[in-house]
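Take a look at the structure below.
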Amino acid sequence: MIDFLNRNIFQPHPELLVFLTVALGFLFGKLRWKAIALGAVTGCLIAGLLLGAQFKITIDGTVKNLFFTMFLFALGYKVGPQFFRGLKKDGLPQVLNAVVVCVTGLLVCWGFAAFLGYGPGLSAGLLGGALTQSAVIGVAQDAIGNLPGLSADQIKEQENLVAVAYAVTYPLGTIFCAMLLANVLPRLYRRDLAAESARLAKELDAPGDNPDLHDGYYEVVLRAYKLQGLDHLAGRTIEEFERQQQALGRRIYLTRLRREGKILDHTQQTVLLEGDTVAVSALRGSLVEFDPRANIGAETDDVELLGYRTETLHVVASEKAQLGKTIAELRQEPFMVGVYVDKLYRSGAEFPYRLSTRLERGDTVVLSGPKRLVDPAGRALGKPVPTSFATDMIWVGLGIFLGGCIGIPALKAGGVPISLSTSGGALIMGLVFGWIRGKYPTYGNVPPGAQWFMDTLGLCLFVAVVGLNAGPSFTSGLASAGWGLLLFGAVATLIPLLVGFLVGHHVQKIRFPILMGVLAGGQTTTAAIGAVNEQSKSQVPVLGYTIPYAVSNVLLTIWGAVIVLLHH
């Protein structure tokens, strides 16, 4: 057996150490207390610090810059449509609250760092950890590398201190944010998140949010009935019947027909005859109200008739005529006959839509129904996106290249170069390319797996390398920071959230469950929205999460460079 302590096999093969770090990091990230997990990013940083202290290997900076730039482009690409949508009138209250949280967080961390006498490295790490924004690490390190008057050793020391301070403050930042929003604030204000979320869901016409009931209830049902001389359907066309039901506010459709033992080709002009067997697709409530036994005939089990081919199609909303319409209004469109909305995704995450939810450009709508009906409906809504695992690398490569180019030029303020940096440029171009993709979904296909690789794994590989490089100086860096870093980091987590809560609750009058989602998004804490949802027993708080999450991801990432300049 190789003795890892006596023979360092990673010296000639540092890439093996990187992948070992990632493996251990994802393992550490699974450590969980209730709804709060350490997370893969923090796990990779901790694993990197531990292994870096043991093996003392330096990884080339190009490697971490490559993964970090890729991560920032993917982040911008994912939140781009939601970021620009938030700038519209209906999203401005949530944007304002997110800005309040972000600006307060910057000022608090700046003040604490100045009081404690921190340099740019510890200041940026305090900001990133307390406000739970991992991207601060890379942006701050880029900014430190461009500071004038520092030697190479000083730059390396400050870059390593960013990782040290982040690793110390992030776990508590995550835990305190989740606890404050899910437990402390609701109890202080004597609010029942579960009850209020349930009431709000009813007001908003939201679909059922209780996971124990949702999977067992199917809104769309498919049945077969035989016309048995009731004189309600015989002699009428399929179109006449469906239009009559639509006028009565029912969604009932005849999707297939068997006559004299044979299944006929479906047309809206087919005249129904006594003895026909019809396949009926309907919303459960509409079918119960219609009472098919009294109006058609006895139900029958016709496997072949009911086994027609269905399709589930993802459609990116882009047709101007349909944008801004509610789900309820879309249901009444002729092209939606026999087609149902299964899910709605916004900013890459499932959005708990309701009947009053308005369709926004870039939303992904999941349609289901007979293939012959779903395809035309998809084209009427926007651009159908068939399941594809191919990533448009022309789009991705060009976006990162252009972003890097706009990030290179720098202005100087007091002799200090100020620029977006290549990573900041990649973030901005990711926002633009994501927005373009939402408007013109023909371009730039980046499937979920590729987004996960660039976003999650890209960031994890970056922080793994950061941890490995900072590992040898972790102990000395932590000693120089002192216990004040832990204490003030925890306070810096809470103050922006409390300020945002006071503004949102007492000034903006945002509903309590939505406000908890707004604050979780404003501090970009995924664990917090998970804890709030768990306490609410609902997905309703997510309605307040997506826009602040998009805005704060951009602002907090930029703050990484700002706080470095403030403490230089």
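Ligands are numbered from 1 in the order shown, chains are lettered A, B, ... in the order of the structure tokens, and residues start at 1 in each chain.
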
- Where does DSSP see strand (DSSP E) in stretch 124-318 of chain A, if you list the residues as a count of residues only? 35

If we count only C-alpha atoms, what is near A:Gly39 at a cut-off of 8 Å, once residues fewer than 2 positions away on the same chain are taken out, given as a PDB file with C-alpha atoms, in the first residue's frame?
```
ATOM      1  CA  PHE A  26     -19.372  16.552  -2.455  1.00  0.00           C
ATOM      2  CA  PHE A  28     -18.901  16.720   2.976  1.00  0.00           C
ATOM      3  CA  GLY A  29     -21.630  18.708   1.241  1.00  0.00           C
ATOM      4  CA  LYS A  30     -24.183  16.014   2.029  1.00  0.00           C
ATOM      5  CA  LEU A  31     -23.852  16.665   5.759  1.00  0.00           C
ATOM      6  CA  ALA A  37     -26.963  21.200   4.221  1.00  0.00           C
ATOM      7  CA  VAL A  41     -19.259  24.346  -2.759  1.00  0.00           C
ATOM      8  CA  THR A  42     -18.378  24.773   0.913  1.00  0.00           C
ATOM      9  CA  GLY A  43     -17.590  21.062   1.142  1.00  0.00           C
TER      10      GLY A  43
END
```

- Item | Neighbour list for A:Met393 as a ChimeraX atom specification, cut-off 10 Å, only C-alpha atoms, skip fewer than 3 positions in-chain | /A:390,396-399,444-446

With C-alpha atoms retained, export the selected residues as a PDB file, in the first residue's frame.
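Produced file again_30.pdb, reproduced below:
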```pdb
ATOM      1  CA  ALA A 390     -26.234  18.771 -27.385  1.00  0.00           C
ATOM      2  CA  VAL A 396     -21.075  29.349 -25.093  1.00  0.00           C
ATOM      3  CA  GLY A 397     -17.525  29.846 -26.380  1.00  0.00           C
ATOM      4  CA  LEU A 398     -18.372  33.096 -28.152  1.00  0.00           C
ATOM      5  CA  GLY A 399     -20.190  34.431 -25.093  1.00  0.00           C
ATOM      6  CA  GLY A 444     -27.891  28.803 -27.759  1.00  0.00           C
ATOM      7  CA  ASN A 445     -29.266  25.480 -26.522  1.00  0.00           C
ATOM      8  CA  VAL A 446     -27.611  24.676 -23.192  1.00  0.00           C
TER       9      VAL A 446
END
```

Residue set, stretch 213-427 of chain A restricted to helix (DSSP H, G or I), as a tab-separated table (two decimals) with N, CA and C atoms, in the first residue's frame:
```tsv
chain	number	residue	atom	x	y	z
A	213	LEU	N	-50.32	15.00	-1.04
A	213	LEU	CA	-51.56	14.86	-1.78
A	213	LEU	C	-51.38	15.05	-3.27
A	214	HIS	N	-50.40	15.83	-3.65
A	214	HIS	CA	-50.26	16.23	-5.05
A	214	HIS	C	-50.04	15.04	-5.98
A	238	ILE	N	-67.72	16.34	-33.60
A	238	ILE	CA	-66.84	16.49	-32.44
A	238	ILE	C	-66.64	17.97	-32.13
A	239	GLU	N	-66.47	18.78	-33.17
A	239	GLU	CA	-66.24	20.22	-32.97
A	239	GLU	C	-67.43	20.87	-32.27
A	240	GLU	N	-68.66	20.52	-32.67
A	240	GLU	CA	-69.86	21.09	-32.06
A	240	GLU	C	-69.91	20.77	-30.56
A	241	PHE	N	-69.61	19.52	-30.23
A	241	PHE	CA	-69.63	19.12	-28.83
A	241	PHE	C	-68.59	19.89	-28.02
A	242	GLU	N	-67.34	19.95	-28.53
A	242	GLU	CA	-66.27	20.60	-27.77
A	242	GLU	C	-66.52	22.10	-27.61
A	243	ARG	N	-67.08	22.75	-28.65
A	243	ARG	CA	-67.37	24.18	-28.54
A	243	ARG	C	-68.49	24.44	-27.52
A	244	GLN	N	-69.48	23.54	-27.48
A	244	GLN	CA	-70.54	23.69	-26.49
A	244	GLN	C	-69.98	23.60	-25.07
A	245	GLN	N	-69.10	22.64	-24.84
A	245	GLN	CA	-68.51	22.47	-23.51
A	245	GLN	C	-67.62	23.66	-23.14
A	246	GLN	N	-66.90	24.16	-24.13
A	246	GLN	CA	-66.03	25.32	-23.88
A	246	GLN	C	-66.88	26.53	-23.50
A	247	ALA	N	-68.03	26.71	-24.16
A	247	ALA	CA	-68.93	27.83	-23.83
A	247	ALA	C	-69.46	27.72	-22.41
A	284	ARG	N	-60.65	16.86	-14.45
A	284	ARG	CA	-61.49	16.00	-13.61
A	284	ARG	C	-62.76	16.73	-13.18
A	285	GLY	N	-62.65	17.99	-12.76
A	285	GLY	CA	-63.81	18.74	-12.31
A	285	GLY	C	-64.84	18.93	-13.41
A	286	SER	N	-64.34	19.19	-14.63
A	286	SER	CA	-65.25	19.37	-15.76
A	286	SER	C	-66.01	18.09	-16.07
A	287	LEU	N	-65.31	16.95	-15.99
A	287	LEU	CA	-65.94	15.67	-16.32
A	287	LEU	C	-67.01	15.31	-15.28
A	288	VAL	N	-66.71	15.57	-14.02
A	288	VAL	CA	-67.69	15.28	-12.96
A	288	VAL	C	-68.93	16.14	-13.16
A	289	GLU	N	-68.73	17.40	-13.48
A	289	GLU	CA	-69.86	18.31	-13.70
A	289	GLU	C	-70.69	17.87	-14.91
A	290	PHE	N	-70.01	17.39	-15.95
A	290	PHE	CA	-70.71	16.99	-17.19
A	290	PHE	C	-71.53	15.72	-16.99
A	292	PRO	N	-70.77	12.12	-17.66
A	292	PRO	CA	-70.79	11.42	-18.94
A	292	PRO	C	-71.74	10.22	-18.98
A	293	ARG	N	-71.98	9.57	-17.85
A	293	ARG	CA	-72.90	8.41	-17.87
A	293	ARG	C	-74.31	8.85	-18.28
A	294	ALA	N	-74.69	10.05	-17.85
A	294	ALA	CA	-76.03	10.53	-18.16
A	294	ALA	C	-76.10	11.17	-19.54
A	295	ASN	N	-74.96	11.59	-20.08
A	295	ASN	CA	-74.96	12.33	-21.33
A	295	ASN	C	-74.32	11.58	-22.51
A	303	VAL	N	-58.50	-0.54	-24.02
A	303	VAL	CA	-57.06	-0.29	-23.88
A	303	VAL	C	-56.47	0.33	-25.13
A	304	GLU	N	-56.85	-0.18	-26.29
A	304	GLU	CA	-56.27	0.33	-27.55
A	304	GLU	C	-56.71	1.77	-27.81
A	305	LEU	N	-57.97	2.05	-27.54
A	305	LEU	CA	-58.48	3.40	-27.78
A	305	LEU	C	-57.85	4.41	-26.83
A	306	LEU	N	-57.66	4.01	-25.58
A	306	LEU	CA	-57.09	4.92	-24.58
A	306	LEU	C	-55.57	4.96	-24.63
A	327	ILE	N	-52.47	31.99	-17.39
A	327	ILE	CA	-52.69	30.56	-17.70
A	327	ILE	C	-54.16	30.32	-17.98
A	328	ALA	N	-55.03	31.00	-17.22
A	328	ALA	CA	-56.48	30.84	-17.44
A	328	ALA	C	-56.87	31.30	-18.84
A	329	GLU	N	-56.28	32.42	-19.30
A	329	GLU	CA	-56.59	32.93	-20.64
A	329	GLU	C	-56.05	32.00	-21.72
A	330	LEU	N	-54.86	31.44	-21.48
A	330	LEU	CA	-54.28	30.52	-22.46
A	330	LEU	C	-55.16	29.29	-22.62
A	331	ARG	N	-55.76	28.84	-21.53
A	331	ARG	CA	-56.60	27.64	-21.59
A	331	ARG	C	-57.78	27.81	-22.55
A	334	PRO	N	-58.01	28.55	-28.86
A	334	PRO	CA	-58.37	27.37	-29.69
A	334	PRO	C	-57.23	26.35	-29.82
A	335	PHE	N	-55.99	26.84	-29.88
A	335	PHE	CA	-54.88	25.89	-30.07
A	335	PHE	C	-54.60	25.07	-28.82
A	336	MET	N	-55.21	25.42	-27.67
A	336	MET	CA	-54.99	24.66	-26.44
A	336	MET	C	-56.06	23.59	-26.23
A	371	LYS	N	-50.08	14.00	-29.48
A	371	LYS	CA	-48.99	14.59	-30.27
A	371	LYS	C	-49.53	15.51	-31.38
A	372	ARG	N	-50.63	15.11	-32.00
A	372	ARG	CA	-51.16	15.90	-33.11
A	372	ARG	C	-51.66	17.27	-32.65
A	373	LEU	N	-51.96	17.42	-31.34
A	373	LEU	CA	-52.43	18.68	-30.81
A	373	LEU	C	-51.33	19.47	-30.11
A	374	VAL	N	-50.40	18.76	-29.48
A	374	VAL	CA	-49.35	19.43	-28.71
A	374	VAL	C	-48.39	20.21	-29.61
A	375	ASP	N	-48.00	19.63	-30.73
A	375	ASP	CA	-47.04	20.30	-31.61
A	375	ASP	C	-47.54	21.66	-32.11
A	376	PRO	N	-48.78	21.76	-32.62
A	376	PRO	CA	-49.28	23.08	-33.04
A	376	PRO	C	-49.40	24.06	-31.87
A	377	ALA	N	-49.79	23.57	-30.70
A	377	ALA	CA	-49.89	24.44	-29.52
A	377	ALA	C	-48.52	25.00	-29.14
A	378	GLY	N	-47.50	24.14	-29.22
A	378	GLY	CA	-46.15	24.59	-28.92
A	378	GLY	C	-45.69	25.70	-29.85
A	379	ARG	N	-45.98	25.54	-31.15
A	379	ARG	CA	-45.58	26.57	-32.12
A	379	ARG	C	-46.35	27.87	-31.91
A	380	ALA	N	-47.58	27.77	-31.41
A	380	ALA	CA	-48.37	28.98	-31.16
A	380	ALA	C	-47.85	29.75	-29.96
A	381	LEU	N	-47.26	29.06	-28.99
A	381	LEU	CA	-46.75	29.71	-27.78
A	381	LEU	C	-45.33	30.25	-27.97
A	393	MET	N	-21.96	24.92	-28.35
A	393	MET	CA	-20.67	25.42	-27.88
A	393	MET	C	-20.21	26.66	-28.63
A	394	ILE	N	-20.74	26.88	-29.83
A	394	ILE	CA	-20.43	28.14	-30.52
A	394	ILE	C	-20.96	29.30	-29.68
A	395	TRP	N	-22.18	29.14	-29.20
A	395	TRP	CA	-22.83	30.16	-28.38
A	395	TRP	C	-22.08	30.36	-27.06
A	396	VAL	N	-21.75	29.27	-26.39
A	396	VAL	CA	-21.08	29.35	-25.09
A	396	VAL	C	-19.67	29.93	-25.24
A	397	GLY	N	-18.89	29.38	-26.19
A	397	GLY	CA	-17.52	29.85	-26.38
A	397	GLY	C	-17.46	31.30	-26.79
A	398	LEU	N	-18.35	31.71	-27.71
A	398	LEU	CA	-18.37	33.10	-28.15
A	398	LEU	C	-18.77	34.03	-27.01
A	399	GLY	N	-19.74	33.60	-26.20
A	399	GLY	CA	-20.19	34.43	-25.09
A	399	GLY	C	-19.09	34.66	-24.08
A	400	ILE	N	-18.37	33.61	-23.71
A	400	ILE	CA	-17.29	33.76	-22.73
A	400	ILE	C	-16.15	34.60	-23.32
A	401	PHE	N	-15.84	34.40	-24.59
A	401	PHE	CA	-14.77	35.18	-25.22
A	401	PHE	C	-15.12	36.67	-25.25
A	402	LEU	N	-16.32	37.00	-25.71
A	402	LEU	CA	-16.72	38.40	-25.78
A	402	LEU	C	-16.79	39.03	-24.39
A	403	GLY	N	-17.29	38.25	-23.41
A	403	GLY	CA	-17.34	38.76	-22.05
A	403	GLY	C	-15.96	39.06	-21.51
A	404	GLY	N	-15.02	38.15	-21.77
A	404	GLY	CA	-13.65	38.39	-21.33
A	404	GLY	C	-13.05	39.62	-21.99
A	405	CYS	N	-13.38	39.83	-23.26
A	405	CYS	CA	-12.81	40.99	-23.99
A	405	CYS	C	-13.31	42.30	-23.42
A	406	ILE	N	-14.62	42.38	-23.09
A	406	ILE	CA	-15.13	43.63	-22.53
A	406	ILE	C	-14.66	43.83	-21.09
A	407	GLY	N	-14.21	42.74	-20.45
A	407	GLY	CA	-13.75	42.86	-19.07
A	407	GLY	C	-12.29	43.25	-18.95
A	421	SER	N	-13.00	42.91	-15.20
A	421	SER	CA	-12.16	41.70	-15.21
A	421	SER	C	-12.78	40.69	-16.17
A	422	THR	N	-12.01	39.72	-16.58
A	422	THR	CA	-12.53	38.73	-17.54
A	422	THR	C	-13.69	37.94	-16.94
A	423	SER	N	-13.63	37.67	-15.64
A	423	SER	CA	-14.71	36.92	-15.01
A	423	SER	C	-15.98	37.76	-14.92
A	424	GLY	N	-15.83	39.04	-14.53
A	424	GLY	CA	-16.98	39.92	-14.47
A	424	GLY	C	-17.60	40.13	-15.84
A	425	GLY	N	-16.75	40.23	-16.86
A	425	GLY	CA	-17.26	40.35	-18.22
A	425	GLY	C	-18.04	39.12	-18.65
A	426	ALA	N	-17.57	37.94	-18.23
A	426	ALA	CA	-18.28	36.70	-18.56
A	426	ALA	C	-19.66	36.67	-17.91
A	427	LEU	N	-19.76	37.20	-16.68
A	427	LEU	CA	-21.05	37.26	-16.01
A	427	LEU	C	-22.01	38.17	-16.77
```

- Using only C-alpha atoms, which of the listed residues (A:Gly297, A:Gly125, A:Gly458, A:Gly138) sits closest to A:Tyr166?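 So, comparing all the options, the nearest one is A:Gly125.
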
- Rank nothing, just name the residue among A:Leu185, A:Leu459, A:Val365, A:Val164 nearest to A:Tyr340, using only C-alpha atoms. A:Val365

- Task: Name all residues at most 9 Å from A:Ile46 (count only C-alpha atoms; drop same-chain ones fewer than 6 positions away) and give them as a PyMOL selection string.
- Result: chain A and resi 21+25+28+167+464+467

Serialized selection, N, CA and C atoms, as an mmCIF file, in the first residue's frame:
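The resulting file, again.cif, is shown below:
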```cif
data_model
loop_
_atom_site.group_PDB
_atom_site.id
_atom_site.type_symbol
_atom_site.label_atom_id
_atom_site.label_comp_id
_atom_site.auth_asym_id
_atom_site.auth_seq_id
_atom_site.Cartn_x
_atom_site.Cartn_y
_atom_site.Cartn_z
ATOM 1 N N THR A 21 -10.240 15.946 -4.171
ATOM 2 C CA THR A 21 -10.814 17.047 -3.390
ATOM 3 C C THR A 21 -12.297 17.226 -3.712
ATOM 4 N N GLY A 25 -15.314 16.753 -1.259
ATOM 5 C CA GLY A 25 -16.125 17.948 -1.073
ATOM 6 C C GLY A 25 -17.602 17.664 -1.243
ATOM 7 N N PHE A 28 -18.701 15.796 1.849
ATOM 8 C CA PHE A 28 -18.901 16.720 2.976
ATOM 9 C C PHE A 28 -20.179 17.533 2.778
ATOM 10 N N ALA A 167 -14.345 30.394 4.307
ATOM 11 C CA ALA A 167 -14.569 29.074 4.910
ATOM 12 C C ALA A 167 -15.028 29.188 6.353
ATOM 13 N N ALA A 464 -12.244 24.183 -5.121
ATOM 14 C CA ALA A 464 -11.335 23.098 -4.726
ATOM 15 C C ALA A 464 -9.891 23.518 -4.947
ATOM 16 N N GLY A 467 -8.966 26.178 -2.408
ATOM 17 C CA GLY A 467 -8.693 25.567 -1.115
ATOM 18 C C GLY A 467 -7.334 24.878 -1.060
#
```

- Contacts of A:Val554 at 12 Å (only C-alpha atoms; same-chain gap of 2+ positions) as a VMD selection string: chain A and resid 72 to 73 75 to 80 82 to 84 95 98 to 99 102 133 to 136 139 423 to 431 521 to 524 547 to 552 556 to 561

I need the chosen residues saved as a short mmCIF file (atom, residue, chain, number, x, y, z; two decimals), in the first residue's frame, with N, CA and C atoms.
```cif
data_model
loop_
_atom_site.label_atom_id
_atom_site.label_comp_id
_atom_site.auth_asym_id
_atom_site.auth_seq_id
_atom_site.Cartn_x
_atom_site.Cartn_y
_atom_site.Cartn_z
N LEU A 72 -19.29 31.68 -14.06
CA LEU A 72 -19.96 32.97 -14.08
C LEU A 72 -20.80 33.16 -15.34
N PHE A 73 -20.31 32.67 -16.47
CA PHE A 73 -21.13 32.76 -17.69
C PHE A 73 -22.41 31.94 -17.51
N LEU A 75 -23.91 31.16 -14.73
CA LEU A 75 -24.76 31.84 -13.76
C LEU A 75 -25.55 32.96 -14.44
N GLY A 76 -24.86 33.80 -15.21
CA GLY A 76 -25.54 34.88 -15.92
C GLY A 76 -26.54 34.35 -16.92
N TYR A 77 -26.18 33.27 -17.61
CA TYR A 77 -27.06 32.67 -18.62
C TYR A 77 -28.35 32.18 -17.98
N LYS A 78 -28.23 31.61 -16.78
CA LYS A 78 -29.39 31.03 -16.10
C LYS A 78 -30.34 32.11 -15.59
N VAL A 79 -29.79 33.19 -15.02
CA VAL A 79 -30.65 34.20 -14.39
C VAL A 79 -30.95 35.37 -15.32
N GLY A 80 -30.36 35.39 -16.53
CA GLY A 80 -30.52 36.52 -17.44
C GLY A 80 -31.96 36.93 -17.70
N GLN A 82 -34.68 36.34 -16.04
CA GLN A 82 -35.34 36.81 -14.82
C GLN A 82 -34.76 38.14 -14.36
N PHE A 83 -33.46 38.35 -14.56
CA PHE A 83 -32.82 39.60 -14.16
C PHE A 83 -33.45 40.79 -14.89
N PHE A 84 -33.58 40.67 -16.20
CA PHE A 84 -34.15 41.77 -16.97
C PHE A 84 -35.66 41.88 -16.76
N VAL A 95 -37.08 43.71 -6.58
CA VAL A 95 -35.75 44.18 -6.94
C VAL A 95 -35.26 45.18 -5.89
N ALA A 98 -34.16 43.47 -2.74
CA ALA A 98 -32.88 42.80 -2.95
C ALA A 98 -31.73 43.80 -2.92
N VAL A 99 -31.92 44.97 -3.53
CA VAL A 99 -30.89 46.01 -3.53
C VAL A 99 -30.63 46.49 -2.10
N CYS A 102 -28.52 43.83 -0.37
CA CYS A 102 -27.15 43.79 -0.90
C CYS A 102 -26.33 45.00 -0.46
N GLN A 133 -22.28 34.20 -0.77
CA GLN A 133 -22.11 34.32 -2.21
C GLN A 133 -20.70 33.83 -2.58
N SER A 134 -20.64 32.60 -3.09
CA SER A 134 -19.36 31.96 -3.38
C SER A 134 -18.59 32.66 -4.49
N ALA A 135 -19.30 33.29 -5.43
CA ALA A 135 -18.62 33.93 -6.56
C ALA A 135 -17.71 35.06 -6.11
N VAL A 136 -17.92 35.59 -4.90
CA VAL A 136 -17.08 36.67 -4.38
C VAL A 136 -15.62 36.23 -4.34
N VAL A 139 -13.96 36.74 -7.89
CA VAL A 139 -13.93 38.15 -8.30
C VAL A 139 -12.96 38.93 -7.41
N SER A 423 -13.63 37.67 -15.64
CA SER A 423 -14.71 36.92 -15.01
C SER A 423 -15.98 37.76 -14.92
N GLY A 424 -15.83 39.04 -14.53
CA GLY A 424 -16.98 39.92 -14.47
C GLY A 424 -17.60 40.13 -15.84
N GLY A 425 -16.75 40.23 -16.86
CA GLY A 425 -17.26 40.35 -18.22
C GLY A 425 -18.04 39.12 -18.65
N ALA A 426 -17.57 37.94 -18.23
CA ALA A 426 -18.28 36.70 -18.56
C ALA A 426 -19.66 36.67 -17.91
N LEU A 427 -19.76 37.20 -16.68
CA LEU A 427 -21.05 37.26 -16.01
C LEU A 427 -22.01 38.17 -16.77
N ILE A 428 -21.55 39.36 -17.13
CA ILE A 428 -22.40 40.31 -17.85
C ILE A 428 -22.84 39.73 -19.20
N MET A 429 -21.89 39.12 -19.92
CA MET A 429 -22.25 38.56 -21.22
C MET A 429 -23.18 37.34 -21.06
N GLY A 430 -23.03 36.62 -19.96
CA GLY A 430 -23.95 35.52 -19.69
C GLY A 430 -25.37 36.04 -19.51
N LEU A 431 -25.51 37.17 -18.80
CA LEU A 431 -26.83 37.79 -18.65
C LEU A 431 -27.43 38.15 -20.00
N GLY A 521 -33.80 34.95 -1.47
CA GLY A 521 -33.22 35.27 -2.76
C GLY A 521 -32.27 36.44 -2.69
N GLY A 522 -32.60 37.44 -1.85
CA GLY A 522 -31.74 38.61 -1.72
C GLY A 522 -30.37 38.27 -1.17
N GLN A 523 -30.28 37.20 -0.40
CA GLN A 523 -28.99 36.77 0.13
C GLN A 523 -28.50 35.51 -0.59
N THR A 524 -29.16 35.15 -1.68
CA THR A 524 -28.78 34.02 -2.55
C THR A 524 -28.52 32.74 -1.75
N ILE A 547 -36.71 36.51 -8.67
CA ILE A 547 -36.20 37.82 -9.10
C ILE A 547 -35.10 38.33 -8.18
N PRO A 548 -35.28 38.36 -6.83
CA PRO A 548 -34.18 38.79 -5.96
C PRO A 548 -32.93 37.92 -6.11
N TYR A 549 -33.12 36.62 -6.32
CA TYR A 549 -31.96 35.74 -6.50
C TYR A 549 -31.16 36.16 -7.72
N ALA A 550 -31.84 36.48 -8.81
CA ALA A 550 -31.14 36.89 -10.03
C ALA A 550 -30.41 38.21 -9.82
N VAL A 551 -31.07 39.18 -9.21
CA VAL A 551 -30.47 40.51 -9.01
C VAL A 551 -29.31 40.43 -8.03
N SER A 552 -29.49 39.72 -6.92
CA SER A 552 -28.45 39.66 -5.90
C SER A 552 -27.23 38.88 -6.35
N LEU A 556 -23.96 41.00 -5.62
CA LEU A 556 -23.01 40.48 -4.64
C LEU A 556 -21.71 40.03 -5.29
N THR A 557 -21.81 39.53 -6.51
CA THR A 557 -20.59 39.15 -7.23
C THR A 557 -19.73 40.39 -7.50
N ILE A 558 -20.37 41.48 -7.91
CA ILE A 558 -19.64 42.74 -8.16
C ILE A 558 -19.06 43.28 -6.86
N TRP A 559 -19.80 43.10 -5.74
CA TRP A 559 -19.30 43.59 -4.45
C TRP A 559 -17.94 42.99 -4.10
N GLY A 560 -17.64 41.80 -4.62
CA GLY A 560 -16.34 41.19 -4.33
C GLY A 560 -15.18 42.06 -4.77
N ALA A 561 -15.33 42.73 -5.91
CA ALA A 561 -14.29 43.66 -6.38
C ALA A 561 -14.38 44.99 -5.66
#
```

- A:Leu131 surroundings by only C-alpha atoms, 7 Å radius, close-in-sequence under 5 positions cut, as a PyMOL selection string: chain A and resi 105+173+493+523

- Query: Which residue, A:Leu254, A:Gln11, A:Leu50, A:Gln508, has the smallest gap to A:Leu92 when you use only C-alpha atoms?
  - Reply: A:Gln508

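Here atom CA of A:Leu96 stands at a distance of 9.4 Å from atom CA of A:Gly500.
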
- Tell me which of A:Val564, A:Leu227, A:Leu248, A:Leu116 sits closest to A:Ala279, counting only C-alpha atoms.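 Selected residue with least distance to A:Ala279: A:Leu227.
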
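Counting from atom CA of A:Ile137, the distance to atom CA of A:Leu181 is 25.3 Å.
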
- Item | Option closest in space to A:Leu273, from A:Lys156, A:Arg251, A:Arg256, A:Lys226 [counting only C-alpha atoms] |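 For A:Leu273, the nearest of the given residues is A:Lys226.
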
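The nearest approach to A:Thr104 among the residues A:Glu360, A:Val341, A:Pro12, A:Val499, with only C-alpha atoms taken into account, belongs to A:Val499.
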
- Note on the structure: In Å and to one decimal, atom CA of A:Arg236 is distant from atom CA of A:Gln269 by 8.9 Å

- Query: Which polymer residues have any atom within 12 Å of an atom of A:Gly275, counting only C-alpha atoms, with same-chain residues fewer than 3 positions away left out, as a ChimeraX atom specification?
  - Reply: /A:225-231,233-235,257-261,272,278,296-298
